[in-house]
Each structure stands twice: as structure tokens, then as C-alpha cells.
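Note sheet for the following structure.
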2 protein chains.
Amino acid sequence: MKDGTDSKTMEVFGFFNEVGIINQLSSAILAKCLPDGVHPSHFSIVNHLVRMGDGKAPVRIAAAMQVTKNTMTHSLKVLEDKGFITVEPDPADGRGKLVRLTDAGRTFRETAIQSVMARFEDMIEPAHRDAMKRVMSDLILLRKHLDENR
Amino acid sequence: MKDGTDSKTMEVFGFFNEVGIINQLSSAILAKCLPDGVHPSHFSIVNHLVRMGDGKAPVRIAAAMQVTKNTMTHSLKVLEDKGFITVEPDPADGRGKLVRLTDAGRTFRETAIQSVMARFEDMIEPAHRDAMKRVMSDLILLRKHLDENR
DNA sequence: CTATATTAGTTCGATATCGAACATTATGGA
DNA sequence: TCCATAATGTTCGATATCGAACTAATATAG
């Protein structure tokens with residue numbers, strides 16, 4: 001108001017501001033539930049491979065995770081060193097590689113999820129679950145639109 | 001479902017997943033609207049000082065931005081080098097410093113906001129503004145709760 | 001079939017961020 | 001008053017991420 005910003009701008013910035021803070025807080029919580037040396041982004045990659053299926057090319061995972069290829073190269077190296085994934089050449093494309101989960105990777109994900117949910121047990125009350133449910137469809141709408149028009 | 005995760009976990013992770021993607025996409029858009037060498041986090045600091053008033057201690061800004069003190073030290077150095085802020089010792093507390101905006105800092109914020117909103121003009125339709133308005137109160141509820149219980 | 005353009009992955013240098021340890025200054029209780 | 005405790009800001013080393021340039025392999029146009 002007093003800074004002269006118009007109402008549309010304040011609405012849009014206000015929305016993205018709330019989203020940014022919630023993301024930061026939830027990432028911080030997740031980070032504390034992960035083993036030392038495992039970053040939330042590493043968890044996201046493993047989680048994605050469990051949910052969407054493994055045997056994917058790094059460039060596909062990078063696109064899904066919204067990071068650059070070089071970042072993915074680095075993250076996959078970390079996950080491979082930890083034994084959570086394997087990275088093999090793609091027999092069908094000499095340029096490509098295929099990423100596959102190991103049992104240790106799947107176990108890591110299960111453990112991490114249990115740890116996070118245990119943390120949330122004391123924290124997320126029914127009212128908050130209801131709020132999450134209420135906003136989901138709109139968030140998906142906005143996410144899809146931003147994703148398609150970036 | 002097929003991965004055996006229970007429905008509460010899927011709800012909670014689904015919510016934070018959408019929030020994370022939206023945050024990433026909006027940050028990427030903001031980043032492209034900023035001058036070279038200015039990070040979205042730098043914009044956030046200046047924006048915060050305009051909205052909440054300047055003359056604050058770095059540790060206060062760090063708390064508001066949800067980053068550590070050392071990160072704030074670094075970011076303030078960047079902003080000072082760019083001439084967007086001044087950092088002076090706090091006369092009332094020998095340990096502290098006070099951060100103040102310069103005219104260049106305020107101008108930078110105005111320009112950045114105009115640039116981002118111009119980008120959003122072609123992108124955010126009335127339906128999306130409505131969606132943002134609908135979710136705001138629930139997002140604020142969740143943000144406050146997470147913030148208080150971290 | 002060959003030359004060009006595109007794609008996958010990597011490497012390099014730079015920046016943002018973090019945790020831990022540190023020096024300096026305030027504050028509060030004996 | 002004086003010492004223990006806390007708070008502010010900084011420094012250091014490590015990691016995540018990015019953009020740009022590079023190599024190798026594939027795809028496409030002529």
C-alpha cells in the first residue's frame with residue numbers, strides 16, 4: 001500500500017512470497033530428516049524415480065526436477081557414490097545413460113519418508129491437512145500453467 | 001498408490017511438491033528479470049526492506065528471509081557493492097549494524113517489479129489470479145503454522 | 001551419403017548457501 | 001562489580017546450483 005505498488009502486483013508477489021516461505025520451511029524440515037551428506041534435492045530424485053519408474057535418462061530427470069543437466073550430473077554422482085542408484089550407458093543411444101534405483105535407494109526413501117512423517121505427526125493437525133486438500137487443485141492448475149509457459 | 005505410500009503421506013508430500021515446483025518456476029522467472037549478478041535472494045532482501053522499513057539489523061533480516069547469518073553477511077556485501085544499501089554500525093549496540101536502503105536500491109526494486117509484472121502480463125490470466133486469491137488465506141495459515149513450529 | 005544441426009552428458013569457473021568455529025559486545029545473576 | 005551466558009557479525013571449508021563451452025553421438029536436410 002504505502003509503497004505505491006498496485007493491487008495486482010501485490011497479489012501476485014504475495015502469492016509467490018507465501019509459496020517461497022512454505023517451500024523454504026518444508027525443505028529445512030526435510031533436510032533435518034535426511035542422513036548427513038544427503039540433500040533434499042537428492043531425496044527428490046530418488047522419490048521421483050520410485051514414483052515415476054526408473055530406467056530414465058539423466059536429461060529426463062533433470063527436466064522433471066527443473067534443474068540443469070550439469071546439476072543433475074553432479075547429483076547423480078553423489079547418489080551413485082552412496083549406492084542409491086546405478087548409472088549405465090543406454091544400449092539404444094550411444095550418447096545417453098540410464099539411471100536405475102538400487103535396493104539401498106528404495107530403502108533410503110522409505111526411511112526418509114517415515115522420518116519426515118514422524119516429524120509431521122506432532123505438527124500437522126487436521127485443520128492443516130484440510131487446508132492442503134483445499135488448495136491442491138488450484139496449486140496444480142497454477143503449476144501446470146507456469147510449467148507450460150516458462 | 002502402487003508404491004505403498006499411505007494417503008496422508010501422499011497428501012502432505014503432494015502439497016509440498018506442488019509448492020516446491022511453483023517456487024522454482026517463479027524464482028526462475030524472477031531471475032531472468034533481474035540485472036546480471038543480482039540473485040532473487042538479493043531482490044527479496046531489498047523488497048523486504050522497502051515493505052517492512054529499513055534501518056534493520058542483519059540478523060533480523062536473516063530471520064525474516066529464513067537464511068543463516070553468514071549467508072546474510074554475504075548477500076549484504078553484494079548489495080552494498082552494488083550501491084543498493086548502506087551498512088553502518090548500530091550506535092545503540094556495539095555488536096550490531098544497521099542496514100539502510102539507498103535511492104538506487106529503491107529504484108532497482110521498482111524496475112525489477114515492473115519487469116516481472118510485464119513478463120506476467122502475457123502469462124497470468126484472470127483464472128490464475130482467482131486461483132491465487134482463493135488459496136492465499138490457506139497458504140498464510142500453513143505458512144504461519146510451519147513458521148511457529150519449526 | 002554427406003554436411004549440418006541437434007541432443008546427451010561433462011567440465012569449468014562463479015555464486016549462494018550452510019554448519020561450525022570464532023571475536024566482540026551485552027546482559028543478568030552471584 | 002564481575003563472571004557466565006547469550007547475541008551479533010564474520011571467517012572458513014564444503015556443497016548445490018548455474019551458465020557457457022566442450023565432446024561425442026544421433027538425426028535431418030540436400
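Residue numbers start at 1 in each chain; chains themselves are named A, B, ... in the order of the C-alpha cells; ligands are numbered from 1 in the order shown.
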
Inset, instruction - Would you list the contacts of Leu25 in chain B as a ChimeraX atom specification, taking every protein, DNA or RNA residue within 10 Å and counting only C-alpha atoms (C1' of nucleotides), but skipping same-chain residues closer than 5 positions in sequence? - result: /A:66,143,146-147,149-150 /B:20,30-31

Inset, instruction - From chain B, collect each residue whose DSSP state is helix (DSSP H, G or I) and return the set as a PyMOL selection string. - result: chain B and resi 7-32+40-52+58-65+69-81+103-121+126-148

Take the selection from the previous step and output its residues with C-alpha atoms, as an mmCIF file, in the first residue's frame.
```cif
data_model
loop_
_atom_site.group_PDB
_atom_site.id
_atom_site.type_symbol
_atom_site.label_atom_id
_atom_site.label_comp_id
_atom_site.auth_asym_id
_atom_site.auth_seq_id
_atom_site.Cartn_x
_atom_site.Cartn_y
_atom_site.Cartn_z
ATOM 1 C CA SER B 7 -2.702 -41.476 1.748
ATOM 2 C CA LYS B 8 -1.727 -38.955 4.418
ATOM 3 C CA THR B 9 1.896 -39.121 3.319
ATOM 4 C CA MET B 10 0.889 -38.695 -0.303
ATOM 5 C CA GLU B 11 -1.261 -35.679 0.561
ATOM 6 C CA VAL B 12 1.464 -33.951 2.531
ATOM 7 C CA PHE B 13 4.233 -34.739 0.062
ATOM 8 C CA GLY B 14 1.974 -33.825 -2.817
ATOM 9 C CA PHE B 15 1.300 -30.420 -1.333
ATOM 10 C CA PHE B 16 4.955 -29.652 -0.647
ATOM 11 C CA ASN B 17 5.852 -30.968 -4.079
ATOM 12 C CA GLU B 18 3.498 -28.544 -5.833
ATOM 13 C CA VAL B 19 4.749 -25.701 -3.668
ATOM 14 C CA GLY B 20 8.346 -26.596 -4.490
ATOM 15 C CA ILE B 21 7.761 -26.643 -8.241
ATOM 16 C CA ILE B 22 5.827 -23.366 -8.233
ATOM 17 C CA ASN B 23 8.570 -21.753 -6.195
ATOM 18 C CA GLN B 24 11.253 -22.997 -8.554
ATOM 19 C CA LEU B 25 9.416 -21.785 -11.645
ATOM 20 C CA SER B 26 8.616 -18.372 -10.184
ATOM 21 C CA SER B 27 12.180 -17.908 -8.968
ATOM 22 C CA ALA B 28 13.475 -18.769 -12.416
ATOM 23 C CA ILE B 29 11.176 -16.150 -13.959
ATOM 24 C CA LEU B 30 12.254 -13.557 -11.425
ATOM 25 C CA ALA B 31 15.922 -14.384 -12.006
ATOM 26 C CA LYS B 32 15.547 -13.668 -15.710
ATOM 27 C CA PRO B 40 16.426 -13.449 -6.498
ATOM 28 C CA SER B 41 17.503 -13.578 -2.865
ATOM 29 C CA HIS B 42 19.040 -10.115 -3.266
ATOM 30 C CA PHE B 43 15.788 -8.812 -4.652
ATOM 31 C CA SER B 44 13.929 -10.358 -1.731
ATOM 32 C CA ILE B 45 16.094 -8.520 0.752
ATOM 33 C CA VAL B 46 15.575 -5.147 -0.916
ATOM 34 C CA ASN B 47 11.874 -5.844 -1.321
ATOM 35 C CA HIS B 48 11.615 -6.732 2.340
ATOM 36 C CA LEU B 49 13.352 -3.520 3.377
ATOM 37 C CA VAL B 50 11.021 -1.424 1.245
ATOM 38 C CA ARG B 51 7.896 -3.132 2.540
ATOM 39 C CA MET B 52 8.862 -3.530 6.181
ATOM 40 C CA PRO B 58 21.321 -8.040 9.553
ATOM 41 C CA VAL B 59 20.273 -10.723 11.997
ATOM 42 C CA ARG B 60 16.662 -9.520 11.782
ATOM 43 C CA ILE B 61 16.734 -9.599 8.022
ATOM 44 C CA ALA B 62 18.273 -13.063 8.119
ATOM 45 C CA ALA B 63 15.444 -14.304 10.316
ATOM 46 C CA ALA B 64 12.811 -12.764 8.047
ATOM 47 C CA MET B 65 14.445 -14.241 4.924
ATOM 48 C CA LYS B 69 23.578 -15.011 9.454
ATOM 49 C CA ASN B 70 26.599 -15.917 7.366
ATOM 50 C CA THR B 71 24.501 -16.036 4.219
ATOM 51 C CA MET B 72 23.124 -12.613 5.079
ATOM 52 C CA THR B 73 26.622 -11.242 5.608
ATOM 53 C CA HIS B 74 27.477 -12.384 2.110
ATOM 54 C CA SER B 75 24.294 -11.087 0.486
ATOM 55 C CA LEU B 76 24.575 -7.693 2.163
ATOM 56 C CA LYS B 77 28.129 -7.385 0.881
ATOM 57 C CA VAL B 78 26.839 -7.900 -2.641
ATOM 58 C CA LEU B 79 24.039 -5.370 -2.206
ATOM 59 C CA GLU B 80 26.436 -2.844 -0.687
ATOM 60 C CA ASP B 81 28.862 -3.279 -3.591
ATOM 61 C CA ASP B 103 17.787 5.614 -3.698
ATOM 62 C CA ALA B 104 19.467 3.239 -6.142
ATOM 63 C CA GLY B 105 18.142 0.312 -4.111
ATOM 64 C CA ARG B 106 14.571 1.618 -4.264
ATOM 65 C CA THR B 107 14.875 2.297 -7.973
ATOM 66 C CA PHE B 108 16.263 -1.175 -8.546
ATOM 67 C CA ARG B 109 13.233 -2.693 -6.812
ATOM 68 C CA GLU B 110 10.755 -0.594 -8.815
ATOM 69 C CA THR B 111 12.394 -1.533 -12.087
ATOM 70 C CA ALA B 112 12.546 -5.218 -11.201
ATOM 71 C CA ILE B 113 8.891 -5.313 -10.221
ATOM 72 C CA GLN B 114 7.866 -3.614 -13.428
ATOM 73 C CA SER B 115 9.958 -6.056 -15.423
ATOM 74 C CA VAL B 116 8.488 -9.091 -13.693
ATOM 75 C CA MET B 117 4.926 -7.831 -13.985
ATOM 76 C CA ALA B 118 5.429 -7.106 -17.668
ATOM 77 C CA ARG B 119 6.514 -10.721 -18.037
ATOM 78 C CA PHE B 120 3.455 -11.893 -16.124
ATOM 79 C CA GLU B 121 1.067 -9.734 -18.128
ATOM 80 C CA PRO B 126 -7.859 -13.837 -14.666
ATOM 81 C CA ALA B 127 -8.447 -17.506 -13.866
ATOM 82 C CA HIS B 128 -4.984 -17.732 -12.354
ATOM 83 C CA ARG B 129 -5.390 -14.564 -10.347
ATOM 84 C CA ASP B 130 -8.608 -16.004 -8.991
ATOM 85 C CA ALA B 131 -6.836 -19.210 -8.050
ATOM 86 C CA MET B 132 -4.150 -17.218 -6.237
ATOM 87 C CA LYS B 133 -6.773 -15.270 -4.326
ATOM 88 C CA ARG B 134 -8.600 -18.446 -3.386
ATOM 89 C CA VAL B 135 -5.552 -20.153 -1.888
ATOM 90 C CA MET B 136 -3.980 -17.174 -0.140
ATOM 91 C CA SER B 137 -5.711 -17.485 3.226
ATOM 92 C CA ASP B 138 -4.911 -21.200 3.492
ATOM 93 C CA LEU B 139 -1.313 -20.638 2.433
ATOM 94 C CA ILE B 140 -0.926 -17.955 5.080
ATOM 95 C CA LEU B 141 -2.418 -20.302 7.660
ATOM 96 C CA LEU B 142 0.019 -23.063 6.733
ATOM 97 C CA ARG B 143 2.991 -20.728 6.496
ATOM 98 C CA LYS B 144 2.349 -19.273 9.922
ATOM 99 C CA HIS B 145 1.936 -22.686 11.468
ATOM 100 C CA LEU B 146 5.131 -24.034 9.910
ATOM 101 C CA ASP B 147 6.975 -20.883 10.886
ATOM 102 C CA GLU B 148 5.884 -21.090 14.511
#
```

Inset, instruction - For range 7-23 of chain D, please output as a count of residues only all residues within 10 Å (counting only C-alpha atoms (C1' of nucleotides); exclusion window: fewer than 2 positions along the same chain). - result: 44

Inset, instruction - Taking the chain letters and numbering used in this document, name the residues of chain B that DSSP puts in strand (DSSP E or B), as a list in words. - result: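 Matching residues, listed in order: Lys56, Ile85, Thr86, Val87, Glu88, Pro89, Lys97, Leu98, Val99, Arg100 and Leu101 of chain B.
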
Legend entry - Nearest to chain B, chosen from A:Asp54, A:Asp122, A:Asp90, A:Asp36, with only C-alpha atoms counted in the distances: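 Among A:Asp54, A:Asp122, A:Asp90, A:Asp36, it is A:Asp122 that comes nearest to chain B.
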
Just the residues within 12 Å of DT4 in chain C, please, counting only C-alpha atoms (C1' of nucleotides), with nothing from its chain fewer than 3 positions along; format it as a CSV table (one decimal) with N, CA and C atoms (P, O5', C5', C4', C3', O3' and C1' of nucleotides), in the first residue's frame.
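around.csv, freshly written:
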```
chain,number,residue,atom,x,y,z
D,27,DA,P,18.7,-41.3,-33.7
D,27,DA,O5',18.3,-39.9,-34.5
D,27,DA,C5',18.1,-38.8,-33.7
D,27,DA,C4',17.9,-37.6,-34.7
D,27,DA,C3',17.0,-37.9,-35.9
D,27,DA,O3',16.2,-36.8,-36.2
D,27,DA,C1',19.1,-37.0,-36.6
D,28,DT,P,15.0,-37.0,-37.2
D,28,DT,O5',15.2,-35.8,-38.2
D,28,DT,C5',15.8,-34.6,-37.8
D,28,DT,C4',16.4,-33.8,-38.9
D,28,DT,C3',15.7,-34.0,-40.3
D,28,DT,O3',15.6,-32.8,-40.9
D,28,DT,C1',17.9,-34.4,-40.6
D,29,DA,P,14.4,-32.5,-42.1
D,29,DA,O5',15.2,-31.5,-43.0
D,29,DA,C5',16.2,-30.6,-42.5
D,29,DA,C4',17.2,-30.3,-43.6
D,29,DA,C3',16.6,-30.2,-45.0
D,29,DA,O3',17.3,-29.1,-45.7
D,29,DA,C1',18.3,-31.8,-44.9
D,30,DG,P,16.6,-28.5,-47.0
D,30,DG,O5',17.8,-28.7,-48.0
D,30,DG,C5',19.1,-29.1,-47.6
D,30,DG,C4',20.0,-29.5,-48.7
D,30,DG,C3',19.4,-29.5,-50.1
D,30,DG,O3',20.3,-29.0,-51.1
D,30,DG,C1',20.0,-31.7,-49.6
```

Legend entry - Gap from CA of Pro89 in chain A to C1' of DA24 in chain D - Å, one decimal: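 Going from CA of Pro89 in chain A over to C1' of DA24 in chain D covers 13.2 Å.
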
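Taking CA of Gly55 in chain B and CA of Val99 in chain B as endpoints, the distance between them is 5.0 Å.
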
Legend entry - One-decimal distance in Å that lies between CA of Arg100 in chain B and CA of Asp6 in chain A: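 These atoms are spaced 23.9 Å apart.
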